[in-house]
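Peer 1: I am attaching a structure below and will ask some questions about it afterwards.
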Amino acid sequence: MSDIAVIGLGHMGSALAKALVTSGKSVTVWNRSQGKTDALERIGALKAETPAAAIADSNTLIVCLSDYAATSIVLDEAHATDLIEGKTLVQLTSGTPKQARNLGQWVEARGGSYLDGAISAWPDQIGGPDASIVIAGRESVLTPIAQILKLLAPNLSHVGTDIGRAKILFNAALSYFAAHWIGFSHGAAMYAAEGMDVAEFGEAIAALSPMFADDVRHMGRAISGSRFADPQSTIRSVGVDISRLVEIADDLNISSAFPEFAADLFRSAAEAGYGAEEHCAIFKVIRTR
């Protein structure tokens with residue numbers, strides 16, 4: 001049997017398998033498009049013809065498919081009900097906390113052990129010092145394979161026994177990065193419309209990164225302790241500035257979708273009576289559905 005099997009060889013799955021093989025582990029790989037196994041076979045991976053063969057070939061399984069629905073399909077095709085007993089399945093696919101909990105129950109009901117994780121890295125960072133993985137599940141399940149997972153991401157964090165917790169952390173971070181990507185792209189559009197170098201804008205924002213780090217720490221503490229009074233900037237003042245971005249977008253003939261969305265949130269917070277509180281008090285209108 002191999003040390004570990006990797007099921008799913010997209011960009012991330014291939015990076016996971018490659019890091020394990022180059023670290024000296026025996027790795028069985030499976031992917032629906034068999035051509036994706038070729039490069040891994042050339043460096044020593046063992047190709048499984050079916051997902052059932054991959055599951056049968058190792059007691060530790062890493063799954064990195066497109067989503068949980070794809071995972072369920074592959075497990076059904078593999079008749080995994082008869083194969084999963086005594087094995088540890090580590091799910092590194094993107095999804096929701098509810099999906100993680102459901103899959104965990106499914107695996108454990110069939111005699112297997114389950115860990116659910118989230119990767120904080122790009123594929124080319126896997127195996128390097130900047131890669132991080134957060135893992136949820138029983139510590140007794142994680143401990144025997146922790147060193148294998150650290151070959152993928154030296155920064156391995158166990159976030160508790162609640163199987164859904166890793167996906168909460170991942171998706172909460174994704175919400176931050178979504179606004180980060182959209183906000184940067186909107187600013188880049190403003191630069192480009194004025195004939196300015198967008199690379200220069202990137203350097204300017206990078207130089208502000210220490211301030212952003214301080215701000216997110218401050219917001220975390222403020223929201224956690226409901227401490228929104230005595231702000232350096234308020235919902236009302238920030239809202240006025242963001243509303244001005246809509247006007248600028250119209251002047252530059254670029255999309256106003258992002259500033260309109262942001263301005264609406266701040267307007268709602270002000271109308272709810274939070275105008276004199278600090279900017280992260282918009283949490284209150286987001287938190288209340």
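We name chains A, B, ... following the order of the structure tokens; residues begin at 1 in each chain, and ligands are numbered from 1 as shown.
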Hey, which bits of stretch 151-213 of chain A sit within 12 Å of stretch 218-221 of chain A, and for each residue what's the closest pair of atoms and how far apart in Å (one decimal), counting only C-alpha atoms, rows by chain and increasing number, as JSON lines?

Peer 2:
```
{"residue": "A:Met211", "atom": "CA", "partner": "A:His218", "partner_atom": "CA", "distance": 10.5}
{"residue": "A:Phe212", "atom": "CA", "partner": "A:His218", "partner_atom": "CA", "distance": 9.7}
{"residue": "A:Ala213", "atom": "CA", "partner": "A:His218", "partner_atom": "CA", "distance": 8.6}
```

Peer 1: When DSSP works through the backbone of this structure, what residues of stretch 69-142 of chain A end up as strand (DSSP E), shown as a list in words?

Peer 2: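 Reading the DSSP output for stretch 69-142 of chain A, strand (DSSP E) covers Thr88, Leu89, Val90, Gln91, Ser113, Tyr114, Leu115, Asp116, Gly117, Ala118, Ile119, Ser120, Ser132, Ile133, Val134, Ile135 and Ala136 of chain A.
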
Peer 1: Excluding A:Ser26 and residues on its chain fewer than 5 positions from it, collect all residues at most 10 Å away from it, counting only C-alpha atoms, and give them as a list in words.

Peer 2: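 Everything that qualifies: Met1, Ser2, Asp3, Ile4, Ala5, Ala17, Leu20, Val21, Gly44, Ala45, Leu46 and Ser58 of chain A.
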
Peer 1: For those residues, write N, CA, C and O atoms to a file as a PDB file, in the first residue's frame.

Peer 2:
```
ATOM      1  N   MET A   1       0.836  -1.199   0.000  1.00  0.00           N
ATOM      2  CA  MET A   1       0.000   0.000   0.000  1.00  0.00           C
ATOM      3  C   MET A   1       0.874   1.253   0.000  1.00  0.00           C
ATOM      4  O   MET A   1       2.006   1.233   0.482  1.00  0.00           O
ATOM      5  N   SER A   2       0.341   2.345  -0.526  1.00  0.00           N
ATOM      6  CA  SER A   2       1.077   3.601  -0.540  1.00  0.00           C
ATOM      7  C   SER A   2       0.846   4.355   0.765  1.00  0.00           C
ATOM      8  O   SER A   2      -0.074   4.050   1.531  1.00  0.00           O
ATOM      9  N   ASP A   3       1.685   5.351   1.012  1.00  0.00           N
ATOM     10  CA  ASP A   3       1.546   6.158   2.221  1.00  0.00           C
ATOM     11  C   ASP A   3       0.252   6.964   2.208  1.00  0.00           C
ATOM     12  O   ASP A   3      -0.378   7.160   3.254  1.00  0.00           O
ATOM     13  N   ILE A   4      -0.110   7.434   1.020  1.00  0.00           N
ATOM     14  CA  ILE A   4      -1.260   8.330   0.910  1.00  0.00           C
ATOM     15  C   ILE A   4      -1.808   8.294  -0.504  1.00  0.00           C
ATOM     16  O   ILE A   4      -1.063   8.074  -1.463  1.00  0.00           O
ATOM     17  N   ALA A   5      -3.100   8.505  -0.635  1.00  0.00           N
ATOM     18  CA  ALA A   5      -3.721   8.611  -1.955  1.00  0.00           C
ATOM     19  C   ALA A   5      -4.290  10.010  -2.118  1.00  0.00           C
ATOM     20  O   ALA A   5      -4.874  10.564  -1.181  1.00  0.00           O
ATOM     21  N   ALA A  17      -0.099  16.439  -4.595  1.00  0.00           N
ATOM     22  CA  ALA A  17       0.514  15.153  -4.909  1.00  0.00           C
ATOM     23  C   ALA A  17       2.000  15.307  -5.210  1.00  0.00           C
ATOM     24  O   ALA A  17       2.833  14.511  -4.744  1.00  0.00           O
ATOM     25  N   LEU A  20       4.085  15.764  -2.069  1.00  0.00           N
ATOM     26  CA  LEU A  20       4.239  14.523  -1.314  1.00  0.00           C
ATOM     27  C   LEU A  20       5.251  13.592  -1.972  1.00  0.00           C
ATOM     28  O   LEU A  20       6.092  12.986  -1.302  1.00  0.00           O
ATOM     29  N   VAL A  21       5.162  13.471  -3.294  1.00  0.00           N
ATOM     30  CA  VAL A  21       6.091  12.586  -4.011  1.00  0.00           C
ATOM     31  C   VAL A  21       7.523  13.080  -3.864  1.00  0.00           C
ATOM     32  O   VAL A  21       8.438  12.292  -3.569  1.00  0.00           O
ATOM     33  N   GLY A  44       7.246   9.519 -10.078  1.00  0.00           N
ATOM     34  CA  GLY A  44       7.171   8.415  -9.127  1.00  0.00           C
ATOM     35  C   GLY A  44       5.828   8.118  -8.509  1.00  0.00           C
ATOM     36  O   GLY A  44       5.707   7.193  -7.700  1.00  0.00           O
ATOM     37  N   ALA A  45       4.778   8.863  -8.851  1.00  0.00           N
ATOM     38  CA  ALA A  45       3.458   8.570  -8.307  1.00  0.00           C
ATOM     39  C   ALA A  45       2.914   7.282  -8.912  1.00  0.00           C
ATOM     40  O   ALA A  45       3.288   6.888 -10.034  1.00  0.00           O
ATOM     41  N   LEU A  46       2.020   6.645  -8.178  1.00  0.00           N
ATOM     42  CA  LEU A  46       1.371   5.426  -8.644  1.00  0.00           C
ATOM     43  C   LEU A  46      -0.026   5.764  -9.139  1.00  0.00           C
ATOM     44  O   LEU A  46      -0.823   6.352  -8.404  1.00  0.00           O
ATOM     45  N   SER A  58      -4.530   2.922  -0.006  1.00  0.00           N
ATOM     46  CA  SER A  58      -3.927   3.654   1.106  1.00  0.00           C
ATOM     47  C   SER A  58      -4.928   3.801   2.237  1.00  0.00           C
ATOM     48  O   SER A  58      -6.143   3.862   2.011  1.00  0.00           O
TER      49      SER A  58
END
```

Peer 1: Which residues, written as a PyMOL selection string, have at least one atom at most 9 Å from A:Asp124, with only C-alpha atoms counted and residues fewer than 3 positions away on the same chain left out?

Peer 2: chain A and resi 11-12+15+121+127-128

Peer 1: Based on the selection just made, write all heavy atoms of those residues as a PDB file, in the first residue's frame.

Peer 2:
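Saved result, selection_24.pdb, follows:
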```
ATOM      1  N   HIS A  11      -5.294  21.965 -10.444  1.00  0.00           N
ATOM      2  CA  HIS A  11      -4.058  22.682 -10.134  1.00  0.00           C
ATOM      3  C   HIS A  11      -3.622  22.424  -8.691  1.00  0.00           C
ATOM      4  O   HIS A  11      -2.448  22.155  -8.417  1.00  0.00           O
ATOM      5  CB  HIS A  11      -4.247  24.181 -10.360  1.00  0.00           C
ATOM      6  CG  HIS A  11      -4.389  24.563 -11.796  1.00  0.00           C
ATOM      7  ND1 HIS A  11      -3.456  24.208 -12.745  1.00  0.00           N
ATOM      8  CD2 HIS A  11      -5.345  25.261 -12.454  1.00  0.00           C
ATOM      9  CE1 HIS A  11      -3.829  24.663 -13.926  1.00  0.00           C
ATOM     10  NE2 HIS A  11      -4.971  25.295 -13.774  1.00  0.00           N
ATOM     11  N   MET A  12      -4.580  22.495  -7.751  1.00  0.00           N
ATOM     12  CA  MET A  12      -4.214  22.316  -6.353  1.00  0.00           C
ATOM     13  C   MET A  12      -3.923  20.856  -6.037  1.00  0.00           C
ATOM     14  O   MET A  12      -2.929  20.547  -5.378  1.00  0.00           O
ATOM     15  CB  MET A  12      -5.325  22.840  -5.440  1.00  0.00           C
ATOM     16  CG  MET A  12      -4.981  22.775  -3.956  1.00  0.00           C
ATOM     17  SD  MET A  12      -3.502  23.747  -3.520  1.00  0.00           S
ATOM     18  CE  MET A  12      -4.183  25.415  -3.528  1.00  0.00           C
ATOM     19  N   ALA A  15      -0.586  19.872  -7.217  1.00  0.00           N
ATOM     20  CA  ALA A  15       0.464  20.456  -6.377  1.00  0.00           C
ATOM     21  C   ALA A  15       0.620  19.668  -5.082  1.00  0.00           C
ATOM     22  O   ALA A  15       1.746  19.444  -4.611  1.00  0.00           O
ATOM     23  CB  ALA A  15       0.142  21.923  -6.080  1.00  0.00           C
ATOM     24  N   ALA A 121      -3.160  29.009   0.420  1.00  0.00           N
ATOM     25  CA  ALA A 121      -1.954  29.072  -0.417  1.00  0.00           C
ATOM     26  C   ALA A 121      -2.376  28.942  -1.867  1.00  0.00           C
ATOM     27  O   ALA A 121      -3.434  28.377  -2.170  1.00  0.00           O
ATOM     28  CB  ALA A 121      -0.978  27.952  -0.065  1.00  0.00           C
ATOM     29  N   GLY A 127       3.965  23.145  -0.230  1.00  0.00           N
ATOM     30  CA  GLY A 127       5.265  22.580   0.130  1.00  0.00           C
ATOM     31  C   GLY A 127       6.282  23.610   0.554  1.00  0.00           C
ATOM     32  O   GLY A 127       7.344  23.265   1.076  1.00  0.00           O
ATOM     33  N   GLY A 128       5.962  24.888   0.348  1.00  0.00           N
ATOM     34  CA  GLY A 128       6.879  25.962   0.723  1.00  0.00           C
ATOM     35  C   GLY A 128       6.538  26.575   2.065  1.00  0.00           C
ATOM     36  O   GLY A 128       5.498  26.270   2.658  1.00  0.00           O
TER      37      GLY A 128
END
```

Peer 1: Please identify all polymer residues within 12 Å of A:Ala109, counting only C-alpha atoms, omitting same-chain residues fewer than 3 positions from it, and present them as JSON, numbers by chain.

Peer 2: {"A": [80, 81, 82, 84, 85, 86, 102, 103, 104, 105, 106, 112, 113, 114]}

Peer 1: A:Ile286: which residues within 12 Å, counting only C-alpha atoms, same-chain residues fewer than 6 positions away excluded, as a PDB file with N, CA, C and O atoms, in the first residue's frame?

Peer 2:
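Output file selection-v5.pdb is given in full below:
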```pdb
ATOM      1  N   ALA A 262     -21.169  49.249  -1.808  1.00  0.00           N
ATOM      2  CA  ALA A 262     -20.562  49.658  -0.543  1.00  0.00           C
ATOM      3  C   ALA A 262     -21.297  50.854   0.055  1.00  0.00           C
ATOM      4  O   ALA A 262     -21.564  50.880   1.269  1.00  0.00           O
ATOM      5  N   ASP A 264     -24.357  51.663  -0.287  1.00  0.00           N
ATOM      6  CA  ASP A 264     -25.656  51.231   0.221  1.00  0.00           C
ATOM      7  C   ASP A 264     -25.531  50.627   1.621  1.00  0.00           C
ATOM      8  O   ASP A 264     -26.384  50.866   2.495  1.00  0.00           O
ATOM      9  N   LEU A 265     -24.481  49.844   1.861  1.00  0.00           N
ATOM     10  CA  LEU A 265     -24.260  49.265   3.192  1.00  0.00           C
ATOM     11  C   LEU A 265     -24.036  50.347   4.240  1.00  0.00           C
ATOM     12  O   LEU A 265     -24.615  50.308   5.340  1.00  0.00           O
ATOM     13  N   PHE A 266     -23.202  51.316   3.913  1.00  0.00           N
ATOM     14  CA  PHE A 266     -22.931  52.382   4.874  1.00  0.00           C
ATOM     15  C   PHE A 266     -24.162  53.261   5.090  1.00  0.00           C
ATOM     16  O   PHE A 266     -24.414  53.721   6.206  1.00  0.00           O
ATOM     17  N   SER A 268     -27.262  52.209   4.902  1.00  0.00           N
ATOM     18  CA  SER A 268     -28.158  51.420   5.754  1.00  0.00           C
ATOM     19  C   SER A 268     -27.728  51.498   7.219  1.00  0.00           C
ATOM     20  O   SER A 268     -28.571  51.599   8.120  1.00  0.00           O
ATOM     21  N   ALA A 269     -26.403  51.453   7.457  1.00  0.00           N
ATOM     22  CA  ALA A 269     -25.911  51.530   8.827  1.00  0.00           C
ATOM     23  C   ALA A 269     -26.211  52.891   9.443  1.00  0.00           C
ATOM     24  O   ALA A 269     -26.596  52.985  10.622  1.00  0.00           O
ATOM     25  N   ALA A 272     -29.807  53.166  10.318  1.00  0.00           N
ATOM     26  CA  ALA A 272     -30.139  52.335  11.478  1.00  0.00           C
ATOM     27  C   ALA A 272     -29.685  52.974  12.788  1.00  0.00           C
ATOM     28  O   ALA A 272     -29.908  52.408  13.863  1.00  0.00           O
ATOM     29  N   CYS A 280     -16.380  49.885  11.153  1.00  0.00           N
ATOM     30  CA  CYS A 280     -16.696  48.457  11.194  1.00  0.00           C
ATOM     31  C   CYS A 280     -18.029  48.169  11.875  1.00  0.00           C
ATOM     32  O   CYS A 280     -18.450  47.002  11.947  1.00  0.00           O
TER      33      CYS A 280
END
```

Peer 1: Which of these residues is nearest to A:Leu245, using only C-alpha atoms: A:Ser14, A:Val285, A:Gly202, A:Ala263?

Peer 2: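 Looking only at the distances to A:Leu245, the closest residue turns out to be A:Ala263.
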
Peer 1: Just the number, please: distance in Å from atom CA of A:His279 to atom CA of A:Pro231, one decimal.

Peer 2: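 Separation of atom CA of A:His279 and atom CA of A:Pro231: 8.0 Å.
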
Peer 1: Of the residues A:Lys167, A:His158, A:Arg110, A:Lys150, which is the one nearest to A:Ser94, using only C-alpha atoms?

Peer 2: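 Looking at the shortest contact to A:Ser94, the residue is A:Lys167.
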
Peer 1: So which one's closest to A:Ile235, A:Glu260, A:Asp57, A:Glu277, A:Asp214? Using only C-alpha atoms, please.

Peer 2: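 Using only C-alpha atoms, the shortest distance to A:Ile235 belongs to A:Glu277.
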
Peer 1: Do you know which residues are at most 9 Å from stretch 129-132 of chain A counting only C-alpha atoms, after dropping those on the same chain fewer than 2 positions away, and could you put them as a ChimeraX atom specification?

Peer 2: /A:118-122,125-127,134,150,152-157

Peer 1: What is the distance between atom CA of A:Ala189 and atom CA of A:Leu208, in Å to one decimal?

Peer 2: 19.2 Å

Peer 1: If you run DSSP on the backbone here, which positions in stretch 55-278 of chain A get helix (DSSP H, G or I)? Please write them as a ChimeraX atom specification.

Peer 2: /A:55-56,68-77,80-82,97-109,123-125,139-152,165-193,198-207,209-224,235-252,257-274

Peer 1: Which of these residues is nearest to A:Met190, using only C-alpha atoms: A:Leu115, A:Ala229, A:Leu16, A:Ile248?

Peer 2: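 Smallest separation from A:Met190 among the options: A:Ile248.
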
Peer 1: Mind giving me the straight-line distance from atom CA of A:Asp250 to atom CA of A:Ala204 in Å, one decimal?

Peer 2: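 A separation of 23.9 Å between them.
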